[in-house]
Amino acid sequence: MIVAVLFLVSAIAYADRIALSALFPLLRQDLGLSDLQLGLIGSAFLWAYGIGCALGGFLSDRASRSRIVLVSLTLWSVATLAVAWVQGFEQLVWARIAFGAAQCLYIPAALALIADHHGPATRGKAISSNLAGMSIGLIGGATLAGLIAQSLGWREVFTVFGLGGLVLAGLTAWIVRDAPPAAAAEGVKEPSLSLFASFRLLFGTRTYYLILLQGMSASMGAWMFWNWLPLYYQETFQMSLAGAGFSGTFMLQATAMVGIVLGGVISDRVGRSHAHRRPLVMAGFYCAAAPFLLVFLFEPGFLLVSVCLAASSLLRTMGQANENLILCDLLPARVRSAALGIFLFGNVSAGSVAILVAAWIRGFAGLSTAFACVAGLIGISALAAAVAYRVMPGDLARLPARLARLEGSAART
């Protein structure tokens with residue numbers, strides 16, 4: 001039940017995110033925004049979200065994860081409602097900063113909460129189900145935003161989405177609960193590590209650096225597509241707002257949803273007895289995904305673009321399904337939220353830069369060139385994952401001794 005409710009929360013979280021991108025043409029017309037200002041709005045959200053994720057991760061290791069989920073959902077729904085009342089660029093930027101600052105608490109707490117309730121045999125499928133909810137939210141959010149905006153106006157989109165989030169907050173308060181302490185610690189009661197000790201554990205682990213690098217590189221490409229693909233479809237193929245919003249998310253996110261679930265199942269099979277092989281699986285899928293994006297070097301038609309995007313997204317997310325599971329295998333439960341928070345900070349920080357870079361490239365070479373560059377970014381992710389496969393066994397072997405030293409140091413202090 002908790003996984004099912006968090007599936008819905010993740011869906012509305014990403015629907016609220018993508019809604020603004022789907023409405024770029026109306027925002028340019030009504031508020032007089034330039035392409036650079038549209039990119040800055042997306043970057044402002046990501047910076048607020050990313051910085052907050054790191055802090056939210058450490059908070060989630062020390063407080064009730066279910067309460068953090070509820071507070072985050074409530075606050076970001078209010079921030080979504082606020083967008084309906086903005087009158088200009090500055091107000092819109094501040095509204096999205098507030099949205100990012102509220103939503104940043106959610107994912108570190110939610111994914112760690114799911115990991116608390118599920119052991120290694122089912123954790124991949126459970127977490128993948130939550131990630132699939134994000135894909136559903138991106139598809140439904142962009143399409144529904146376009147439909148509402150065409151019939152009622154763009155401000156009404158944020159009124160509907162914000163009120164929907166507040167209704168879901170009531171359901172979340174009723175059902176979502178923390179795992180019992182024994183389950184959360186997988187049978188071993190562990191004391192919390194200090195903030196300094198958590199940092200030492202995370203940044204003394206080589207595999208963590210490599211997973212961080214692959215996540216940042218892959219996220220740069222993903223955010224380029226999430227932010228600019230609906231506009232590409234509208235301008236290149238002269239589509240309506242609803243049509244561009246649907247096409248700009250469906251080919252990526254429908255296959256991403258399937259890829260995340262399949263990747264989680266495969267990862268459970270591989271990681272049940274050989275946890276260190278998950279990075280190798282990740283690297284293989286990334287290598288298969290990258291070449292499909294080179295289609296943007298040409299002038300492809302709608303069908304070819306859509307098929308190549310779908311294939312690349314499917315393979316990329318089958319690899320990406322392993323990243324949270326690798327962190328759960330690599331690190332003890334008491335620092336998982338912190339690890340996820342810093343990981344998300346790295347991802348969205350890189351994504352915020354990528355949004356602006358794509359806007360810059362669009363000015364002189366077009367969005368097709370920017371999208372073709374994503375193939376190289378996925379290649380970097382594949383290389384980082386392959387190296388992680390080599391170093392992860394050593395990190396796993398050293399973990400008990402490192403934990404003992406940190407706990408001994410804390411006890412002496």
# chains A, B, ... in the order shown; residues from 1 in each chain; ligands from 1

$ residues_around --residues "Leu303 (chain A)" --least-positions-apart "5" --cutoff "12 Å" --atoms "only C-alpha atoms" --output "list in words"
Tyr233, Phe237, Ser247, Met251, Val295, Cys308, Leu309 and Ala310 of chain A

$ write_last_selection --atoms "C-alpha atoms" --output "PDB file, in the first residue's frame"
ATOM      1  CA  TYR A 233       8.150  18.912 -31.449  1.00  0.00           C
ATOM      2  CA  PHE A 237       6.467  19.387 -36.698  1.00  0.00           C
ATOM      3  CA  SER A 247       4.759  13.624 -28.037  1.00  0.00           C
ATOM      4  CA  MET A 251       8.209   8.574 -26.418  1.00  0.00           C
ATOM      5  CA  VAL A 295      19.802  10.431 -35.445  1.00  0.00           C
ATOM      6  CA  CYS A 308      14.976   6.371 -31.826  1.00  0.00           C
ATOM      7  CA  LEU A 309      13.974   8.335 -28.719  1.00  0.00           C
ATOM      8  CA  ALA A 310      11.859   5.427 -27.504  1.00  0.00           C
TER       9      ALA A 310
END

$ residues_around --residues "Ala218 (chain A)" --least-positions-apart "4" --cutoff "7 Å" --atoms "only C-alpha atoms" --output "ChimeraX atom specification"
/A:214,222,377-378,381

$ closest_residue --among "A:Ala401, A:Ala384, A:Val348, A:Val265" --to "Ala121 (chain A)" --atoms "only C-alpha atoms"
A:Val265

$ atom_distance --atom1 "CA of Ala169 (chain A)" --atom2 "CA of Ala126 (chain A)"
20.8 Å

$ residues_around --residues "Tyr208 (chain A)" --least-positions-apart "2" --cutoff "9 Å" --atoms "only C-alpha atoms" --output "PDB file with C-alpha atoms, in the first residue's frame"
ATOM      1  CA  LEU A 202      30.253   8.578   1.666  1.00  0.00           C
ATOM      2  CA  PHE A 203      33.228  10.421   0.246  1.00  0.00           C
ATOM      3  CA  GLY A 204      35.687   7.753   1.292  1.00  0.00           C
ATOM      4  CA  THR A 205      33.882   5.284  -0.991  1.00  0.00           C
ATOM      5  CA  ARG A 206      35.239   5.226  -4.549  1.00  0.00           C
ATOM      6  CA  LEU A 210      31.624   6.952  -9.862  1.00  0.00           C
ATOM      7  CA  ILE A 211      27.868   6.490  -9.438  1.00  0.00           C
ATOM      8  CA  LEU A 212      27.659  10.226  -8.758  1.00  0.00           C
ATOM      9  CA  LEU A 213      29.514  10.945 -12.011  1.00  0.00           C
ATOM     10  CA  ILE A 326      23.790   0.149  -6.036  1.00  0.00           C
ATOM     11  CA  LEU A 327      23.699   2.841  -3.346  1.00  0.00           C
ATOM     12  CA  LEU A 330      26.976  -0.124  -1.047  1.00  0.00           C
ATOM     13  CA  ALA A 339      23.630   9.424  -0.059  1.00  0.00           C
ATOM     14  CA  PHE A 343      23.317  12.142  -5.448  1.00  0.00           C
ATOM     15  CA  ALA A 388      32.504   1.207 -10.718  1.00  0.00           C
ATOM     16  CA  MET A 392      32.883  -1.906  -5.981  1.00  0.00           C
TER      17      MET A 392
END

$ residues_around --residues "Gly221 (chain A)" --least-positions-apart "2" --cutoff "8 Å" --atoms "only C-alpha atoms" --output "list in words"
Ser217, Ala218, Ser219, Trp223, Met224, Phe225, Gly351, Ala354, Phe371, Val374, Leu377 and Ile378 of chain A

$ write_last_selection --atoms "N, CA and C atoms" --output "JSON list (two decimals), in the first residue's frame"
[["chain", "number", "residue", "atom", "x", "y", "z"],
["A", 217, "SER", "N", 26.10, 12.92, -15.45],
["A", 217, "SER", "CA", 26.19, 12.93, -16.90],
["A", 217, "SER", "C", 24.88, 12.52, -17.56],
["A", 218, "ALA", "N", 24.26, 11.45, -17.05],
["A", 218, "ALA", "CA", 22.98, 11.01, -17.60],
["A", 218, "ALA", "C", 21.89, 12.05, -17.37],
["A", 219, "SER", "N", 21.91, 12.72, -16.21],
["A", 219, "SER", "CA", 20.89, 13.71, -15.90],
["A", 219, "SER", "C", 21.00, 14.95, -16.79],
["A", 223, "TRP", "N", 17.61, 16.11, -18.63],
["A", 223, "TRP", "CA", 16.99, 17.42, -18.43],
["A", 223, "TRP", "C", 16.95, 18.24, -19.71],
["A", 224, "MET", "N", 17.91, 18.05, -20.60],
["A", 224, "MET", "CA", 17.82, 18.70, -21.91],
["A", 224, "MET", "C", 16.54, 18.28, -22.62],
["A", 225, "PHE", "N", 16.28, 16.99, -22.60],
["A", 225, "PHE", "CA", 15.07, 16.49, -23.27],
["A", 225, "PHE", "C", 13.81, 16.92, -22.52],
["A", 351, "GLY", "N", 21.91, 19.07, -14.32],
["A", 351, "GLY", "CA", 20.77, 19.31, -15.20],
["A", 351, "GLY", "C", 20.48, 20.78, -15.39],
["A", 354, "ALA", "N", 22.80, 22.03, -17.90],
["A", 354, "ALA", "CA", 22.47, 21.49, -19.22],
["A", 354, "ALA", "C", 21.31, 22.23, -19.88],
["A", 371, "PHE", "N", 20.55, 17.88, -28.77],
["A", 371, "PHE", "CA", 20.10, 16.53, -28.46],
["A", 371, "PHE", "C", 21.11, 15.47, -28.92],
["A", 374, "VAL", "N", 23.78, 14.54, -26.44],
["A", 374, "VAL", "CA", 23.40, 13.69, -25.30],
["A", 374, "VAL", "C", 24.00, 12.30, -25.45],
["A", 377, "LEU", "N", 27.14, 12.24, -23.59],
["A", 377, "LEU", "CA", 26.93, 12.24, -22.14],
["A", 377, "LEU", "C", 26.60, 10.85, -21.62],
["A", 378, "ILE", "N", 25.78, 10.12, -22.38],
["A", 378, "ILE", "CA", 25.45, 8.75, -21.97],
["A", 378, "ILE", "C", 26.69, 7.86, -22.05]]

$ atom_distance --atom1 "CA of Leu23 (chain A)" --atom2 "CA of Ala102 (chain A)"
21.8 Å

$ atom_distance --atom1 "CA of Gly170 (chain A)" --atom2 "CA of His117 (chain A)"
21.4 Å

$ residues_around --residues "Pro120 (chain A)" --least-positions-apart "3" --cutoff "10 Å" --atoms "only C-alpha atoms" --output "list in words"
Ala115, Arg123, Gly124, Lys125, Glu186, Asp268, Arg269, Gly271, Arg272, Ser273, Ala275, Leu325, Cys328 and Asp329 of chain A

$ write_last_selection --atoms "C-alpha atoms" --output "JSON list (two decimals), in the first residue's frame"
[["chain", "number", "residue", "atom", "x", "y", "z"],
["A", 115, "ALA", "CA", 14.16, 0.46, 0.94],
["A", 123, "ARG", "CA", 13.81, -3.81, -3.35],
["A", 124, "GLY", "CA", 14.54, -3.41, -7.06],
["A", 125, "LYS", "CA", 10.93, -3.96, -8.11],
["A", 186, "GLU", "CA", 17.51, -5.05, 8.03],
["A", 268, "ASP", "CA", 17.08, -8.00, -8.56],
["A", 269, "ARG", "CA", 18.10, -11.19, -10.36],
["A", 271, "GLY", "CA", 22.13, -8.30, -7.47],
["A", 272, "ARG", "CA", 20.56, -10.94, -5.25],
["A", 273, "SER", "CA", 23.80, -12.94, -5.18],
["A", 275, "ALA", "CA", 25.64, -7.06, -5.96],
["A", 325, "LEU", "CA", 20.00, -0.12, -5.83],
["A", 328, "CYS", "CA", 21.51, 0.63, -1.14],
["A", 329, "ASP", "CA", 23.94, -2.31, -1.58]]

$ residues_around --residues "Val307 (chain A)" --least-positions-apart "3" --cutoff "12 Å" --atoms "only C-alpha atoms" --output "PyMOL selection string"
chain A and resi 247+250-252+254-255+292-293+295+300-304+310-314

$ residues_around --residues "Met282 (chain A)" --least-positions-apart "4" --cutoff "9 Å" --atoms "only C-alpha atoms" --output "ChimeraX atom specification"
/A:263,277-278,286-287,316-323,381-382,385-386

$ write_last_selection --atoms "N, CA and C atoms" --output "PDB file, in the first residue's frame"
ATOM      1  N   GLY A 263      14.372  -3.051 -15.802  1.00  0.00           N
ATOM      2  CA  GLY A 263      15.693  -2.914 -15.207  1.00  0.00           C
ATOM      3  C   GLY A 263      15.709  -3.313 -13.752  1.00  0.00           C
ATOM      4  N   ARG A 277      27.771  -6.729  -9.599  1.00  0.00           N
ATOM      5  CA  ARG A 277      27.542  -6.805 -11.037  1.00  0.00           C
ATOM      6  C   ARG A 277      26.520  -5.785 -11.537  1.00  0.00           C
ATOM      7  N   ARG A 278      25.822  -5.136 -10.624  1.00  0.00           N
ATOM      8  CA  ARG A 278      24.841  -4.140 -11.073  1.00  0.00           C
ATOM      9  C   ARG A 278      25.485  -3.040 -11.924  1.00  0.00           C
ATOM     10  N   TYR A 286      23.718   1.403 -21.074  1.00  0.00           N
ATOM     11  CA  TYR A 286      24.079   2.752 -21.528  1.00  0.00           C
ATOM     12  C   TYR A 286      24.776   2.704 -22.886  1.00  0.00           C
ATOM     13  N   CYS A 287      25.682   1.753 -23.061  1.00  0.00           N
ATOM     14  CA  CYS A 287      26.379   1.632 -24.349  1.00  0.00           C
ATOM     15  C   CYS A 287      25.401   1.357 -25.486  1.00  0.00           C
ATOM     16  N   ARG A 316      18.364   3.223 -21.802  1.00  0.00           N
ATOM     17  CA  ARG A 316      19.001   4.063 -20.785  1.00  0.00           C
ATOM     18  C   ARG A 316      18.392   3.817 -19.407  1.00  0.00           C
ATOM     19  N   THR A 317      17.078   3.752 -19.336  1.00  0.00           N
ATOM     20  CA  THR A 317      16.434   3.588 -18.025  1.00  0.00           C
ATOM     21  C   THR A 317      16.586   2.167 -17.486  1.00  0.00           C
ATOM     22  N   MET A 318      16.758   1.172 -18.363  1.00  0.00           N
ATOM     23  CA  MET A 318      17.068  -0.175 -17.867  1.00  0.00           C
ATOM     24  C   MET A 318      18.411  -0.169 -17.139  1.00  0.00           C
ATOM     25  N   GLY A 319      19.335   0.653 -17.615  1.00  0.00           N
ATOM     26  CA  GLY A 319      20.590   0.814 -16.885  1.00  0.00           C
ATOM     27  C   GLY A 319      20.426   1.678 -15.662  1.00  0.00           C
ATOM     28  N   GLN A 320      19.691   2.766 -15.791  1.00  0.00           N
ATOM     29  CA  GLN A 320      19.528   3.715 -14.691  1.00  0.00           C
ATOM     30  C   GLN A 320      18.803   3.101 -13.504  1.00  0.00           C
ATOM     31  N   ALA A 321      17.989   2.073 -13.739  1.00  0.00           N
ATOM     32  CA  ALA A 321      17.263   1.424 -12.640  1.00  0.00           C
ATOM     33  C   ALA A 321      18.205   0.873 -11.578  1.00  0.00           C
ATOM     34  N   ASN A 322      19.474   0.694 -11.931  1.00  0.00           N
ATOM     35  CA  ASN A 322      20.431   0.111 -10.991  1.00  0.00           C
ATOM     36  C   ASN A 322      21.031   1.118 -10.018  1.00  0.00           C
ATOM     37  N   GLU A 323      20.970   2.422 -10.317  1.00  0.00           N
ATOM     38  CA  GLU A 323      21.778   3.357  -9.550  1.00  0.00           C
ATOM     39  C   GLU A 323      21.359   3.448  -8.083  1.00  0.00           C
ATOM     40  N   SER A 381      28.567   8.221 -18.921  1.00  0.00           N
ATOM     41  CA  SER A 381      27.918   7.440 -17.858  1.00  0.00           C
ATOM     42  C   SER A 381      28.289   5.969 -17.952  1.00  0.00           C
ATOM     43  N   ALA A 382      28.350   5.442 -19.166  1.00  0.00           N
ATOM     44  CA  ALA A 382      28.722   4.035 -19.351  1.00  0.00           C
ATOM     45  C   ALA A 382      30.141   3.771 -18.858  1.00  0.00           C
ATOM     46  N   ALA A 385      30.244   3.763 -15.027  1.00  0.00           N
ATOM     47  CA  ALA A 385      29.649   2.535 -14.485  1.00  0.00           C
ATOM     48  C   ALA A 385      30.592   1.347 -14.653  1.00  0.00           C
ATOM     49  N   ALA A 386      31.295   1.278 -15.783  1.00  0.00           N
ATOM     50  CA  ALA A 386      32.236   0.176 -16.001  1.00  0.00           C
ATOM     51  C   ALA A 386      33.380   0.205 -14.984  1.00  0.00           C
TER      52      ALA A 386
END

$ select_by_dssp --residues "region 74-153 of chain A" --states "helix (DSSP H, G or I)" --output "PyMOL selection string"
chain A and resi 74-83+89-103+106-117+123-151
